[in-house]
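Participant: Starting off with a structure, shown below.
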2 protein chains.
Amino acid sequence: MKNFTYYTPTKIVFGKDTEKEVGQLVKEAGATKVLLHYGGESAQRSGLLDRVRESLKEAGIEFVELGGVVPNPRMSLAYEGIELCRKEGVDFILPVGGGSVIDSAKCIAYGTVYDGDVWDFYDYRAEATDALPVGTVLTLAATGSEMSKSSVMTLEEGWLKRGYGNDLGRPVFSILNPELTYSLPDYQTACGIVDIMMHTMERYFNLTGDSRLTDVLSEALLRTMLEYGPVAMENPEDYNARAQIMWAGCVSHNGLLSAGIDEEDWSTHKLEHELGGMFDVAHGAGLAAVWGSWARYVYKEDVNRFAQFAVNVMGVTNDFRDQETTALAGIRKLEEFFISLGMPTSISDLGYDLTEEQIEELSYKCCLMGRCTIGAFKRLDQDDMAEIFRMAK
Amino acid sequence: MKNFTYYTPTKIVFGKDTEKEVGQLVKEAGATKVLLHYGGESAQRSGLLDRVRESLKEAGIEFVELGGVVPNPRMSLAYEGIELCRKEGVDFILPVGGGSVIDSAKCIAYGTVYDGDVWDFYDYRAEATDALPVGTVLTLAATGSEMSKSSVMTLEEGWLKRGYGNDLGRPVFSILNPELTYSLPDYQTACGIVDIMMHTMERYFNLTGDSRLTDVLSEALLRTMLEYGPVAMENPEDYNARAQIMWAGCVSHNGLLSAGIDEEDWSTHKLEHELGGMFDVAHGAGLAAVWGSWARYVYKEDVNRFAQFAVNVMGVTNDFRDQETTALAGIRKLEEFFISLGMPTSISDLGYDLTEEQIEELSYKCCLMGRCTIGAFKRLDQDDMAEIFRMAK
């Protein structure tokens, strides 16, 4: 077990009707003027935004609004938000939406109090030392951004998609009402399930060897997703299934499942980020499309680990004389699960026929123009990345 | 899944040599004058207190000291601490020790800024609205107090032992170095293992029925204790085993394993608190002595739940035609585990031969002189409590 710091200050307010507490929570956080930040029309149509506005008014909180966040949220809107916050003297950012809206809100929170270009943080050129507080109302179980320190943004110039993590970005509070996820299209629900599982797995596949408690907690969470994912797909208004998934989304990404591990991997996320930057692919679908190829490319680094995953998570019967068979059966079984959710397991399933030129471009961007490798379970250089994209074609 | 709030702001700094960071962490918390609070001589003898003093000095932090905390920490010393803090203008409490020291520190933290008698909080007569910040250096894996909102104190007048929980009592930071637990006597290590398991089980045995994620996380943690408890007993300097146990102690009691459950139980703790108040029994040993009797008294309220525990935690083979047999086998198997650790499974094992008069007194105090019931899995009144004490004799 390696030394670690665990810090999850976000207050989670979970359950039915909890969005009505938002005004009070914002007030307790000491906010005087709020930026209400959101995406497209669904939050407006569903009446959620009106309920949030009402709650803010009741608590006597002033606010301005900025909508229009899109999936793979864009820097141009964040820059607009930063300008608006400065002009209006905003001191609290309130995203209402899924991970894209929350990530965009975090970017605005960093940028409003930073003298330079906020993209510096996402491009690994600087570290944030301050940020406005953020509180969230979550409408989609997927990214874990509601409790995590991460924010992923896309710079339109060059379509660069980059993630940045800083404890200052952890929300002060997050409101999670599983009922708000009832109306999600099946495809988005499935994408969320994949994303939550991948947040767990990018941590789980590590070479530490002695992080048992973290292992078994991760395995328990993954099995819960295998169990309740299909229930939510079958009956989108099954409160309990939605609740398990929504809470799992939080736990998967708040740091608990990194405790004591040597190094997280995040290769699949980074490969997908490039796909998402180039094609505007739904994040969860992109992860599902790439993961199996990543797994088959790297599993030999620690066959036992993949066998453990196969048995403890996927329910594969262990072949004690041939762990490799067990390991590969686990990979196959998870792909079958993705397919059962209507998710892709290749890039062509996403509807794209990658050219060799595109593969080179994706890999070149993914290694930051040759500046770095990705991954920890197996370090991947530009050639490795290209090979995985080829396998995932 | 029930509505819940999850709030664990404590920053955990976990691993080898982490006690050397204490000065810096206290400084970051904005403290100017610290009360260094500790127990007997072991922290002094081991050199830990000197390392902590050194780190405080290096960070330029002024401090005063108060030692002498005993197991089942007493109000008289806490009152002394409160007076000292007021006189010296202390603004931060730094307990170095196990749960008793931390609980005493929390009591001082509440009391220093409270006009009335701090016992009001423990006697359910008032709610704290303010507290000095507390940061801890943990030397014993057991109570989970390093991340929890709980504090348990004993009032010598009448030997009343009472717990109080408030988010204001959650430490700002806690430093956990598993090496600091190497020197614990076996008996204390075993007590800690029982306590950690019981913190999980007092939550796990609930009637919610649809808290799957919380269930499986709890089961995973309990299995880890069954696996690594004996390793630490066998080899007290096995870093990995000590680390799993220490981290489990934190996770078991920080609120994660209560997420979405209907109501926690805490009967075994409350019954033990009375024993501890009357006899100065080690807390974990008292829990082990009482639990089996509690379990046999209540399991019929939900046989399936006890069968689930037996199979998923204790590894009992399920008897599908007779869940009751499965349930009882699980109870027996956990008692066997307690015995394997050298723990008692009855009050006579603790060396006390309870009289009927003592049973009546314990039950009378435990129901707060008839003012309340305890438990949620099954509500227990004074007669129920007496019956469990009789079964546990």
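FYI, nothing fancy with the structure tokens labels: chains A, B, ... in order, residues from 1 per chain, ligands from 1 as they appear.
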Which neighbours of Asp103 in chain B fall inside 8 Å, counting only C-alpha atoms, when residues of the same chain fewer than 5 positions from it are skipped, and could you give them as JSON, numbers by chain?

Facilitator: {"B": [73, 145, 150, 151, 152, 153]}

Participant: Filtering to C-alpha atoms, could you give me those residues as a PDB file, in the first residue's frame?

Facilitator:
```pdb
ATOM      1  CA  PRO B  73     -11.741   9.067  28.325  1.00  0.00           C
ATOM      2  CA  SER B 145     -12.719   8.876  15.291  1.00  0.00           C
ATOM      3  CA  SER B 150     -18.313  10.913  16.892  1.00  0.00           C
ATOM      4  CA  SER B 151     -16.861  11.409  20.323  1.00  0.00           C
ATOM      5  CA  VAL B 152     -17.532   9.133  23.285  1.00  0.00           C
ATOM      6  CA  MET B 153     -16.862  10.376  26.825  1.00  0.00           C
TER       7      MET B 153
END
```

Participant: Going by DSSP on the backbone, which bits of range 29-201 of chain B are strand (DSSP E)? Write them as a PyMOL selection string, please.

Facilitator: chain B and resi 33-38+62-66+92-97+135-138+150-155+160-165+173-176

Participant: Could the residues in this selection be saved with C-alpha atoms as a tab-separated table (two decimals), in the first residue's frame?

Facilitator:
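Below is the file again12.tsv, written as the result:
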```
chain	number	residue	atom	x	y	z
B	33	LYS	CA	-1.62	28.17	19.19
B	34	VAL	CA	-2.13	24.46	19.62
B	35	LEU	CA	-3.13	22.14	22.44
B	36	LEU	CA	-1.05	18.98	22.08
B	37	HIS	CA	-3.22	16.31	23.69
B	38	TYR	CA	-2.16	12.74	24.44
B	62	GLU	CA	3.30	27.61	19.54
B	63	PHE	CA	1.78	24.89	21.69
B	64	VAL	CA	0.78	23.85	25.19
B	65	GLU	CA	0.37	20.25	26.32
B	66	LEU	CA	-2.12	18.10	28.17
B	92	PHE	CA	-6.44	24.30	17.45
B	93	ILE	CA	-6.52	20.90	19.17
B	94	LEU	CA	-3.97	18.29	18.14
B	95	PRO	CA	-4.59	14.85	19.65
B	96	VAL	CA	-1.78	12.33	19.23
B	97	GLY	CA	-3.05	8.87	20.09
B	135	GLY	CA	-6.30	17.64	13.54
B	136	THR	CA	-5.09	14.20	14.58
B	137	VAL	CA	-2.05	11.93	14.57
B	138	LEU	CA	-3.49	8.44	14.92
B	150	SER	CA	-18.31	10.91	16.89
B	151	SER	CA	-16.86	11.41	20.32
B	152	VAL	CA	-17.53	9.13	23.28
B	153	MET	CA	-16.86	10.38	26.83
B	154	THR	CA	-17.35	9.06	30.34
B	155	LEU	CA	-18.66	11.23	33.16
B	160	LEU	CA	-22.07	7.51	32.45
B	161	LYS	CA	-20.55	6.79	29.03
B	162	ARG	CA	-22.16	8.70	26.18
B	163	GLY	CA	-21.49	9.39	22.52
B	164	TYR	CA	-22.05	12.64	20.65
B	165	GLY	CA	-21.89	13.18	16.89
B	173	PHE	CA	-6.84	16.47	8.88
B	174	SER	CA	-5.75	13.10	10.18
B	175	ILE	CA	-2.30	11.62	9.83
B	176	LEU	CA	-2.27	7.83	9.57
```

Participant: Please identify every residue of chain A that has at least one atom no more than 7 Å from any atom of chain B, counting only C-alpha atoms, and report them as a ChimeraX atom specification.

Facilitator: /A:1-16,210,213,216-217,220-221,224,240,243-244

Participant: Using only C-alpha atoms, can you tell me which of A:Glu335, A:Gly330, A:Gln308, A:Ala289 comes closest to Ser348 in chain A?

Facilitator: A:Ala289

Participant: Tell me, in Å to one decimal, how far CA of Thr139 in chain B is from CA of Gly98 in chain B.

Facilitator: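 We find that CA of Thr139 in chain B and CA of Gly98 in chain B lie 5.3 Å from each other.
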
Participant: Hey, what's within 10 Å of Pro133 in chain B if we count only C-alpha atoms and toss same-chain stuff fewer than 5 positions away? As a list in words, please?

Facilitator: Val26, Ala29, Gly30, Ala31, Asp91, Phe92, Ile93, Leu94, Ala105, Lys106, Ala109, Tyr110, Leu168, Gly169, Arg170, Pro171, Val172 and Phe173 of chain B

Participant: Skipping near chain neighbours, those fewer than 2 positions away, what residues fall within 10 Å of range 41-46 of chain B using only C-alpha atoms, listed as a PyMOL selection string?

Facilitator: chain B and resi 38-39+48-51+67-68+96-97+139+180+183-184

Participant: May I ask which of the residues B:Phe309, B:Phe377, B:Trp294, B:Phe337 is the closest one to Ile261 in chain B, counting only C-alpha atoms?

Facilitator: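 Using only C-alpha atoms, Ile261 in chain B sits closest to B:Phe377.
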
Participant: So that I can see what lies close to His253 in chain A, please list as a PDB file with N, CA and C atoms, in the first residue's frame the residues with an atom at most 7 Å from it, counting only C-alpha atoms and leaving out residues fewer than 5 positions away in the same chain.

Facilitator:
```
ATOM      1  N   GLY A 144     -18.644  11.723 -12.646  1.00  0.00           N
ATOM      2  CA  GLY A 144     -18.123  11.851 -11.294  1.00  0.00           C
ATOM      3  C   GLY A 144     -17.596  13.240 -10.992  1.00  0.00           C
ATOM      4  N   SER A 148     -15.360  15.100  -7.940  1.00  0.00           N
ATOM      5  CA  SER A 148     -13.947  14.929  -8.283  1.00  0.00           C
ATOM      6  C   SER A 148     -13.244  16.265  -8.441  1.00  0.00           C
ATOM      7  N   HIS A 199     -13.985   4.781 -14.777  1.00  0.00           N
ATOM      8  CA  HIS A 199     -13.313   5.544 -13.712  1.00  0.00           C
ATOM      9  C   HIS A 199     -12.773   4.608 -12.639  1.00  0.00           C
TER      10      HIS A 199
END
```

Participant: Of the candidates A:Ala327, A:Leu140, A:Met201, A:Ile108, which one gets nearest to Arg296 in chain A if we count only C-alpha atoms?

Facilitator: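 Among the listed residues, the smallest separation from Arg296 in chain A belongs to A:Ala327.
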
Participant: Please run DSSP on the backbone and report, as a ChimeraX atom specification, all residues within range 1-230 of chain B that come out as alpha helix (DSSP H).

Facilitator: /B:22-28,42-45,48-58,75-88,99-112,119-122,186-204,212-230

Participant: Please, what distance in Å, to one decimal, runs between CA of Lys270 in chain A and CA of Ser346 in chain A?

Facilitator: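 Taking CA of Lys270 in chain A as the start and CA of Ser346 in chain A as the end point, the length is 15.9 Å.
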